[in-house]
Structures are given as structure tokens and as C-alpha cells.
Amino acid sequence: MLTYIIRRASHSLIALVGLLMLVFFLSRLTGDPASVLLPVDATAAQRIEFAARHGLDDSLIVQFGSYLKDLVQFDFGMSLRQQRGAMEPALEAFPHTLQLAFVTMLLALPLAVCLGALAANRPGSLFDRITTILTLAGASAPTFWIAVLAVLFFSLSLGWLPTSGTGTIAHWVLPVGVLMLRPVGLLAQVVRTTMVGAINSPYVKTAWAKGVPRSQILFVHVLRNSLLPLVSVAGDLTVSMVNGAVIVETIFGWPGIGALLLNAIIERDFAVVQACILLTACSIFILNIVIDLIYAFLDPRIRYS
Amino acid sequence: MFQKTMCMTLLAVAIGVPFMATAQESRSITVVVPEQPDSMEACNAATSNISRVLSRNVNESLTLIDPSNGEITPYLALSWERVSDLTWRFKLRENVKFHDGADFNADAVVFNIERLMNRNLDCSTRTVAFGGLDLTARSVDPTTVEISTGTASPIFPTLASTIKLVSPNTPVEITRTSIGTGPYQLDSWRQGENVQLKRFDGYWGDAPQVEKVTYVWRSESSIRAAMVAAGEADLSPYIARQDATNTETDTAYLNAETSNMRIDTTVAPLTDVRVRKALNLALDREALRTAIFGESTVPAVQLVTEAVLGYNPELKLWEYNPEEAKRLVAEAEADGVDVTVPMTIIARPNIYPNASEAVEALMAMWGEVGLTFTAQNFEIADWLKYLRKPFPENIGPNVQQEQHDNGKGDAIFTIYNKYHSQGTVSKLNDPKLDALIEKGQAATGEERKAAFQEVFRYLHEDIVADVPLFHMVGYARISSNIVWTPNLQTNNEINLSEITFKN
């Protein structure tokens, strides 16, 4: 297992260097920071002076070399906008995103499993149809629209919840609720589809014939065999949330890494863009290893060596 | 039963009470703005997200621009005089303390000038206001300071309003805190969440009513408006027009921005003044105002508002006269100008609300008088390449969608860069215009005002360098328990001292 983790880590390191290279050069294609950060009226001389002070006048290869050299010394560069170390805002924002992602998945997974399993229990029943419609609607509804609607209804009309921000449990309800809709919808569909397929398997028919209770067949035998695709999709969804739930963070004023990254891209604050991507890439790498380990745990046939 | 009741009570406390606690304590307010401050560095207060927190609240300046008429008024300096072409002498206010207890005096001003001019510091104020000047300062006595500008600057007292003064104990490096002389001092800054200011008891002026202010930021206008409606915030000075739906709490205000289409006068057929006049005559500004820009906007004839020194009140608005526009186009065509050549609108979709709709409407109106335009939308970095020198080559005839803000009180901040042949965003190269601008630049008082008014007249009647659209408005939502009036400076500063409580 340790060998596997070391091998995955070395592969990920290569991928990480490739990613950093891609981000470094692609971000520079989006424009000169001096043109965005300095006022419109800034003279050419002022822009040249700014570029020289921040090493933006060097060739891209030289800039990339300096970046890598600094990186191995854990120097992630300076944020031109915030004028402090680029990793500082990223590290401040990331825990907020992680908390949001994990709380969302923690609530979404059991809910989706219950809904999917109960729907699969009697395919075509009223419960199945209602669940399918609601989960599909949840998975496909535009997050932006749902978020604004939720604020208008729960905060303004009913006055039950704060519109946005952080600080209390009540502040978690709307962002988590809105963010949950898509994972619950997708995961419930995954669970339902795989369980409906599994219910028709010979081993289930054998269990029926042996008189095993329905609940045991459903939640022990069938569900366990449906968990692998669930873990795959749940892993993907978690990864996308760790990358930053940009829309939810933006609307609800959640100080996460998605909103930070979006602003940094708009403002051409390259060092912050790179720091955010480095941080999320490392986390996603760790998350993927965890998902692989869960695979091995759930299916003893899977062995990593 | 008892345990269940206790559990429910604790849950209610955990969920409800902290949320209820966000409702305002007495004499405290919450202000919701679109973005969090990049830093708390006063020398970067030319950046609006910083200025909205610091300017006039935490940090003050030697002089102040009166937003109602653009006049320069005393602030931390009581008076000033020009002692030579290059030197200004300021008499300072006495008995003023910084928040850390340091004295405000001539040495503190010298420290601030040296810090501002330090090239190792990225100071947006230096870039915006003092591009061509090399400031040095000398303490004459504790309440008198002389500032030399290196190059003659007749409007230095105006420029001095942009220098937000910090305590002499501030390090000569970019800081994330700010110690000034203002009525409020920085209390806390929770990264990503809020900034809190508290009233400074040692303030030299009248104590403001509001004791504590919390700034929070939400990028979505609808959320900012909802926060005030829900009682989570007391003031949002910046909400979108579509969210300003409550006549009791929402107010529109002129915000010093003017929307404009800059004409590229260097490429035919736009080299012909008749075609440029036709562009202006073809526009039904009243329809544009009511349908797209908003009824509170004011049709513009020049790129500054009446609060700016040099504004020319005599200029007549372009009338809507498509027949005359067609006649001018036909006349130009008869003289050999190819008016059928397709032209481009260099557009930036989010430059102001409904900017894309405005471009669509302009294309339709210009099309009706025989001028064919297509729009090319650009993101800001690419749009800037077309806006300023060196201009891209071979881009064909074009007009560029833009918005100009002059909240500094003097027309030179508009005129030089936009119209002088050496201006960073100027498409013009007219010796007569250059001479007029330079004449106004060197003058002061009424002579300066008259010179700039003549510049605007010449631009409007003879050159026709622009298609001015509207003096724009912002919308604010103000809760019913406070009184506050936005003004031309509100885009860049929120003077918290002006806020009063109704009860």
C-alpha cells in the first residue's frame, strides 16, 4: 500500500508540475497585470516601471524559472493586488471551502442513498417517480437562480435565515442547502440506477428464494454492490467542490477559495491564481488517494500494489 | 421531557441567537459594499475598495474637494499659498492627533510625502495623481510645511486632497493597517469576512453619531439589497438599478461617471467631421435614457459634471435629428467619403449596467442613418489595449465604448489624457487644442476655468471627438433608521460622519 501511495505521489508530482506550467503560461496569455492593476491614465513610463519592479519585463521563461526556484523554497510569490504573500489569502480561504464541501457531502450522501434505495425498492412506484423528478430537477436547476430564490424566500419573505455571510449555524443553512441539491440529485440517481440493475441479479433472486428479509436484501446485499459507482461520482463531486463552489461562495459571501480564485483571475493577480491552484491540486491529489483506499475497502477484489 | 425541552432550547440558542445578534446594537451600523478591501494601505486609497473604508473615516488629507461644487476647502491644512512656481506652503491645523497618539504636524506631513514618493512602494495615489511630479517637503515650523512639486503644478492643493495621511510611526512598507487622524480608527479586520471601525474619541472635529461601523462585502447586488431589506445591514451605497425597487429606502444619485463613445478620428470615414456629427444627431438619447440607461441619468454633452472646474454650462445637448444626420452622411458621401465601409464598436459588456443593450441600440440608430456598425466585445485587458497608446494598427474605423470618472474636481484630469496629443488615451493631434489645454493647465482660478470651458466648447462644436451619452447614476439602499445622502464622491468614499440616526 505504501509503495502504491509513493508511486501515486510521484505521478501526481509530475502532473502537478505540468499543471503549474500550464497555469503559469496560460494565465500570462490573458493580459498584462500592469494594464489592469494600474489606472487607465497610467503613462507608458509608469507601466514600464511597474513591470520592472515586479519582474514582469523578463521573458516568460525567465519568470517561470524564478517561480520554480522560489517554489522549491516555499516562496509562492507576492499578490500584486493585496501586496502580501500569495499563499496567505489562499490558506485563509481554503478551510472555508473545505468545511463547506465536507459538510455538504456529509449531508448529501446519506440523503441520496436513502432516496435512491427507496426509489429502487419499487421502480415505477409513486415514490420512485416523485424522487426521480425532484432529484433530476435538483441536479439540473441553475445554482445561481436557486440561490437567489432561496435568499428571497427564506431570508426576505419568511425572515428565517440570514441572507449571507458566516458566523452562526444559521449562516450554513442556505449555502449548504443550495450546494446539496446537485449532489443529492446525481447521487440518488446513481444509487437508484445501480440498485435497480442489481436487484435483478441472480444472487438477489437467490436471496429472495431463501427468504432473506427485504430490508436486508436492499440495504446489505444490493446497496453494498452499488457503492463503487456511488463513491466514484461522490469523489468527483467532492473534488469539484474543493476546487471552490464559486457561485455559492460568491452569492452567499462565503470567503472560500472559489471566490478568491475568480477575483484573482479577473484582476490578473497571477501569484494568487497559482497559489490557489497549487493548494487545490495538492488537496485533490490527497482526496483521490483516499477515494482509491475507499475502493479497496469496499471491494476486496481491488488490490493496489 | 425536561431533557427534550433543554435540547430544543439549546438548539434554538445555537441557531437563532447568534443570528439575531447580527441585528445592530444601538449607534452601530453595517455597511455592505461590493468587494473587500485589497489592503488598508492609505497610499493605495486611490483604489476604490480601500478608499471606501479609509478616506475621510480613518485617514484625512490636507485639503478636501467639496462634492457639491468641486471647490477645494481646508481640512487638515487651514490655508495655503503658492510661494513660487514649484512650491506651495500649507498652514496646518493645530491640536490634531493620530490614533496612536502621535502629533499631526509639519514633520508628519514631510514623512507622508517621502513615503508616498518612495519608489519601492506600489502606491496607486502616486500613479494616479502625481505621475509627472517629484514631490519633496520641508518643515518650516511645527504648523507650516512647504511642498515642492518638481514641475509647476497650479492645482497642487486639489491634488493634495488625494494624499491620505498616516501616522509618522507607520513603517515605510505596504501595510495592512492604517493609523490616521480621522473620526474612526481601525478596530479589526477579519479576512474575507468584515472590517470594523470604532469612533476615535480624540478626534479634533465634531464626534460623529455612529459609534461602530462594520463593513461587509457581497459581490451580488441583489444580496446587498436583500441585506438592507432584511435588517442585516443599514446601508448599501451600490446596488443595481433592477434591485432599487423600494421607493422608501432606495435613492439614485449622480456618481461622477459619464458614459461615452470615443470616436477614432484618425480613420475614414470618421476623419470627416460631418460623419462624426451624424453619429451624435442619430441618437435618440431620450429613448436610450428611459429604456436602457435609467430615468435618473442625465444626458451628457461633455465628459465632466458641473461639480468639476472647467465644466461648460453653455454647451447645447445634441438634438435627435436623424434627417439632418442622413443629410450630413449624404453630403460627405457626395464629397467622396466612403460612408458604406463597415465600422466597429469596441465594446466592453460589463462596463456599466445594460452596456450590451446600449451597444445594440446605438448600432440600430446609426444603421438608420446609413452608418453600418458591428460590435466586438472585449474583456477588460484586451479592451484596454484599444483604449490606450500604443494603439493597435489596422483596426479600421471604430468607436470605443467607455466610461469616464472625474471626481477630482478639476477638468485637467479629463482633458489632458483624453484630448491632448500626448494624452495616454487620446486619438487627437490638434495643435490648437493642445495650446488651449496647455494654457488652462498653467492658469489658476477663473482664467483656468475659462480656458477649460473653451476646450470643451472646441471639442463639442468643432472637433466632435466623442458621442457623449449620459452622466451616470448609482443607486443606494438606506435603511429607514438612518439618514445619509450619497453624492458625487460616493463611488470612492463613504463619509461615515455624515450618517445620523432618526431616533
# chains A, B, ... in the order shown; residues from 1 in each chain; ligands from 1
$ interface_residues --of "chain A" --to "chain B" --cutoff "7 Å" --atoms "only C-alpha atoms" --output "ChimeraX atom specification"
/A:31,35-36,39,41-43,81-82,155-156,162-163,168-170,250-251,253,255
$ select_by_dssp --residues "stretch 105-283 of chain B" --states "helix (DSSP H, G or I)" --output "PyMOL selection string"
chain B and resi 106-117+124-129+156-160+221-229+241-243+273-281
$ closest_residue --among "B:Pro392, B:Tyr203, B:Val53, B:Glu461" --to "B:Glu314" --atoms "only C-alpha atoms"
B:Glu461
$ atom_distance --atom1 "atom CA of B:Gly445" --atom2 "atom CA of B:Gly409"
12.7 Å
$ residues_around --residues "B:Thr297" --least-positions-apart "6" --cutoff "10 Å" --atoms "only C-alpha atoms" --output "ChimeraX atom specification"
/B:252-255,258,289-290,469-474
$ atom_distance --atom1 "atom CA of B:Val109" --atom2 "atom CA of A:Arg84"
26.3 Å
$ residues_around --residues "A:Phe25" --least-positions-apart "6" --cutoff "10 Å" --atoms "only C-alpha atoms" --output "list in words"
Leu60, Ile61, Gln63 and Phe64 of chain A
$ closest_atom_pairs --of "stretch 209-286 of chain A" --to "stretch 139-144 of chain A" --cutoff "12 Å" --atoms "only C-alpha atoms" --output "Markdown table"
| residue | atom | partner | partner_atom | distance |
| --- | --- | --- | --- | --- |
| A:Leu237 | CA | A:Ala139 | CA | 11.7 |
| A:Ala245 | CA | A:Thr143 | CA | 10.0 |
| A:Val246 | CA | A:Phe144 | CA | 10.0 |
| A:Ile247 | CA | A:Phe144 | CA | 6.3 |
| A:Val248 | CA | A:Phe144 | CA | 7.4 |
| A:Glu249 | CA | A:Phe144 | CA | 10.6 |
| A:Thr250 | CA | A:Phe144 | CA | 9.5 |
| A:Ile251 | CA | A:Phe144 | CA | 7.7 |
| A:Phe252 | CA | A:Phe144 | CA | 10.4 |
